[in-house]
Amino acid sequence: MKIAAIIPVKTFSNAKTRLDLSPQKIEGLCKIMLEEILHIISISPQIEKTILVTKEEKAIEIGKKFNVIIIRDEKEESVNSAVALADKYLSENKFDASIVFPQDIPYIKTQDIDFMLKYMAQPNFAIIIPSRRFDGTNALVRMPIDLMKTHYDEDSYKIHMNTAKEHTLNVAMVFVKRIMWDVDNKEDLEFLLEQNDKPQIEAKIRELLDSN
């Protein structure tokens with residue numbers, strides 16, 4: 001089975017505005033998080049290819065290190081339009097399933113991906129992992145690729161659950177803590193740094209936050 005990961009990435013200067021950090025620190029944090037999730041996906045035996053959808057040149061530079069497919073999103077209209085660009089590529093290249101991940105879940109591990117994909121049910125299925133506050137979607141698995149359109153940036157977890165149920169009986173809500181730990185605001189970042197789950201990444205983030 002050919003499974004691809006889709007990671008939409010906003011221009012760093014437009015990202016994470018609720019963190020109350022300087023533009024330089026936001027960019028640095030985005031780089032750390034993106035590099036880590038791309039590293040984890042690149043060593044996952046379950047995922048054949050990663051699709052990075054972005055117009056951010058610094059994200060593209062990081063993506064090249066991990067041999068990702070880069071789709072330029074010059075309009076950067078929304079996460080949904082970015083995913084649609086990736087969907088088109090994956091359908092044309094005969095991928096069976098996709099997983100949409102955000103870039104801001106740096107504590108993800110390969111075993112988290114393995115655990116999530118244990119819930120796959122053929123021929124049609126959707127798997128949804130919510131964010132820690134159950135307002136966003138931190139992983140969305142769709143098989144086939146065009147099973148359903150995405151609905152990010154609008155209380156997406158509930159809408160994705162309801163939309164998936166309209167298209168298939170095989171819908172699984174899965175809880176994977178490290179995938180649920182995203183970084184949208186200052187509280188999220190503080191929570192993440194308290195978990196002591198990836199000391200090396202924590203050290204990088206703390207060094208960035210402590211810098212002038």
# chains A, B, ... in the order shown; residues from 1 in each chain; ligands from 1
>>> select_by_dssp(residues="segment 35-156 of chain A", states="helix (DSSP H, G or I)", output="count of residues only")
40
>>> select_by_dssp(residues="segment 35-178 of chain A", states="strand (DSSP E)", output="ChimeraX atom specification")
/A:49-54,69-72,97-100,125-130,137-143,171-173
>>> closest_atom_pairs(of="segment 65-172 of chain A", to="segment 187-204 of chain A", cutoff="10 Å", atoms="only C-alpha atoms", output="JSON lines")
{"residue": "A:Ile105", "atom": "CA", "partner": "A:Leu192", "partner_atom": "CA", "distance": 9.5}
{"residue": "A:Pro106", "atom": "CA", "partner": "A:Ile201", "partner_atom": "CA", "distance": 7.7}
{"residue": "A:Tyr107", "atom": "CA", "partner": "A:Lys198", "partner_atom": "CA", "distance": 6.3}
{"residue": "A:Ile108", "atom": "CA", "partner": "A:Lys198", "partner_atom": "CA", "distance": 9.2}
{"residue": "A:Lys109", "atom": "CA", "partner": "A:Lys198", "partner_atom": "CA", "distance": 9.5}
{"residue": "A:Arg132", "atom": "CA", "partner": "A:Asp188", "partner_atom": "CA", "distance": 9.1}
{"residue": "A:Arg133", "atom": "CA", "partner": "A:Asp188", "partner_atom": "CA", "distance": 10.0}
>>> residues_around(residues="Val174 of chain A", least_positions_apart="4", cutoff="7 Å", atoms="only C-alpha atoms", output="list in words")
Met116, Ile127, Ile128 and Ile129 of chain A
>>> write_last_selection(atoms="C-alpha atoms", output="mmCIF file, in the first residue's frame")
data_model
loop_
_atom_site.group_PDB
_atom_site.id
_atom_site.type_symbol
_atom_site.label_atom_id
_atom_site.label_comp_id
_atom_site.auth_asym_id
_atom_site.auth_seq_id
_atom_site.Cartn_x
_atom_site.Cartn_y
_atom_site.Cartn_z
ATOM 1 C CA MET A 116 -2.343 5.120 14.447
ATOM 2 C CA ILE A 127 -8.580 8.053 10.944
ATOM 3 C CA ILE A 128 -8.671 11.284 12.920
ATOM 4 C CA ILE A 129 -6.403 12.349 15.761
#
>>> atom_distance(atom1="atom CA of Asp146 of chain A", atom2="atom CA of Asn80 of chain A")
12.9 Å
>>> residues_around(residues="Glu74 of chain A", least_positions_apart="2", cutoff="10 Å", atoms="only C-alpha atoms", output="number ranges by chain")
A: 53-56, 71-72, 76-77, 82
>>> write_last_selection(atoms="N, CA and C atoms", output="mmCIF file, in the first residue's frame")
data_model
loop_
_atom_site.group_PDB
_atom_site.id
_atom_site.type_symbol
_atom_site.label_atom_id
_atom_site.label_comp_id
_atom_site.auth_asym_id
_atom_site.auth_seq_id
_atom_site.Cartn_x
_atom_site.Cartn_y
_atom_site.Cartn_z
ATOM 1 N N VAL A 53 3.885 21.150 1.100
ATOM 2 C CA VAL A 53 3.168 22.159 0.312
ATOM 3 C C VAL A 53 3.428 23.520 0.940
ATOM 4 N N THR A 54 4.158 24.367 0.243
ATOM 5 C CA THR A 54 4.576 25.632 0.839
ATOM 6 C C THR A 54 5.151 26.564 -0.224
ATOM 7 N N LYS A 55 5.258 27.835 0.128
ATOM 8 C CA LYS A 55 6.055 28.762 -0.691
ATOM 9 C C LYS A 55 7.212 29.344 0.129
ATOM 10 N N GLU A 56 7.348 28.860 1.374
ATOM 11 C CA GLU A 56 8.412 29.337 2.261
ATOM 12 C C GLU A 56 9.747 28.715 1.846
ATOM 13 N N ILE A 71 5.629 20.868 -3.393
ATOM 14 C CA ILE A 71 4.608 21.506 -4.219
ATOM 15 C C ILE A 71 4.516 22.957 -3.769
ATOM 16 N N ARG A 72 4.811 23.844 -4.669
ATOM 17 C CA ARG A 72 4.790 25.268 -4.316
ATOM 18 C C ARG A 72 3.353 25.784 -4.250
ATOM 19 N N GLU A 76 -1.114 30.451 -1.256
ATOM 20 C CA GLU A 76 -1.223 30.263 0.187
ATOM 21 C C GLU A 76 -2.578 30.740 0.707
ATOM 22 N N GLU A 77 -3.625 30.224 0.114
ATOM 23 C CA GLU A 77 -4.974 30.655 0.494
ATOM 24 C C GLU A 77 -5.412 30.052 1.824
ATOM 25 N N ALA A 82 -4.028 23.983 0.227
ATOM 26 C CA ALA A 82 -2.713 23.336 0.165
ATOM 27 C C ALA A 82 -2.871 21.820 0.108
#
>>> residues_around(residues="Asp104 of chain A", least_positions_apart="6", cutoff="9 Å", atoms="only C-alpha atoms", output="count of residues only")
9
>>> residues_around(residues="Ala4 of chain A", least_positions_apart="4", cutoff="9 Å", atoms="only C-alpha atoms", output="list of chain:residue names")
A:Gln46, A:Ile47, A:Glu48, A:Lys49, A:Thr50, A:Ile51, A:Leu90, A:Phe95, A:Asp96, A:Ala97, A:Ser98, A:Ile99, A:Val100
>>> residues_around(residues="Ala172 of chain A", least_positions_apart="6", cutoff="12 Å", atoms="only C-alpha atoms", output="list in words")
Met116, Leu117, Lys118, Tyr119, Met120, Ala121, Asn124, Phe125, Ala126, Ile127, Ile128, Ile129, Pro130, Ala139, Leu140, Val141, Arg142, His160, Met161, Asn162, Ala164 and Lys165 of chain A
>>> atom_distance(atom1="atom CA of Lys16 of chain A", atom2="atom CA of Thr150 of chain A")
20.8 Å
>>> closest_residue(among="A:His151, A:Ile32, A:Asp20, A:Ile6", to="Leu208 of chain A", atoms="only C-alpha atoms")
A:Ile32
>>> atom_distance(atom1="atom CA of Leu19 of chain A", atom2="atom CA of Lys186 of chain A")
4.8 Å
>>> closest_residue(among="A:Pro8, A:Met180, A:Gln24, A:Leu52", to="Asn212 of chain A", atoms="only C-alpha atoms")
A:Gln24
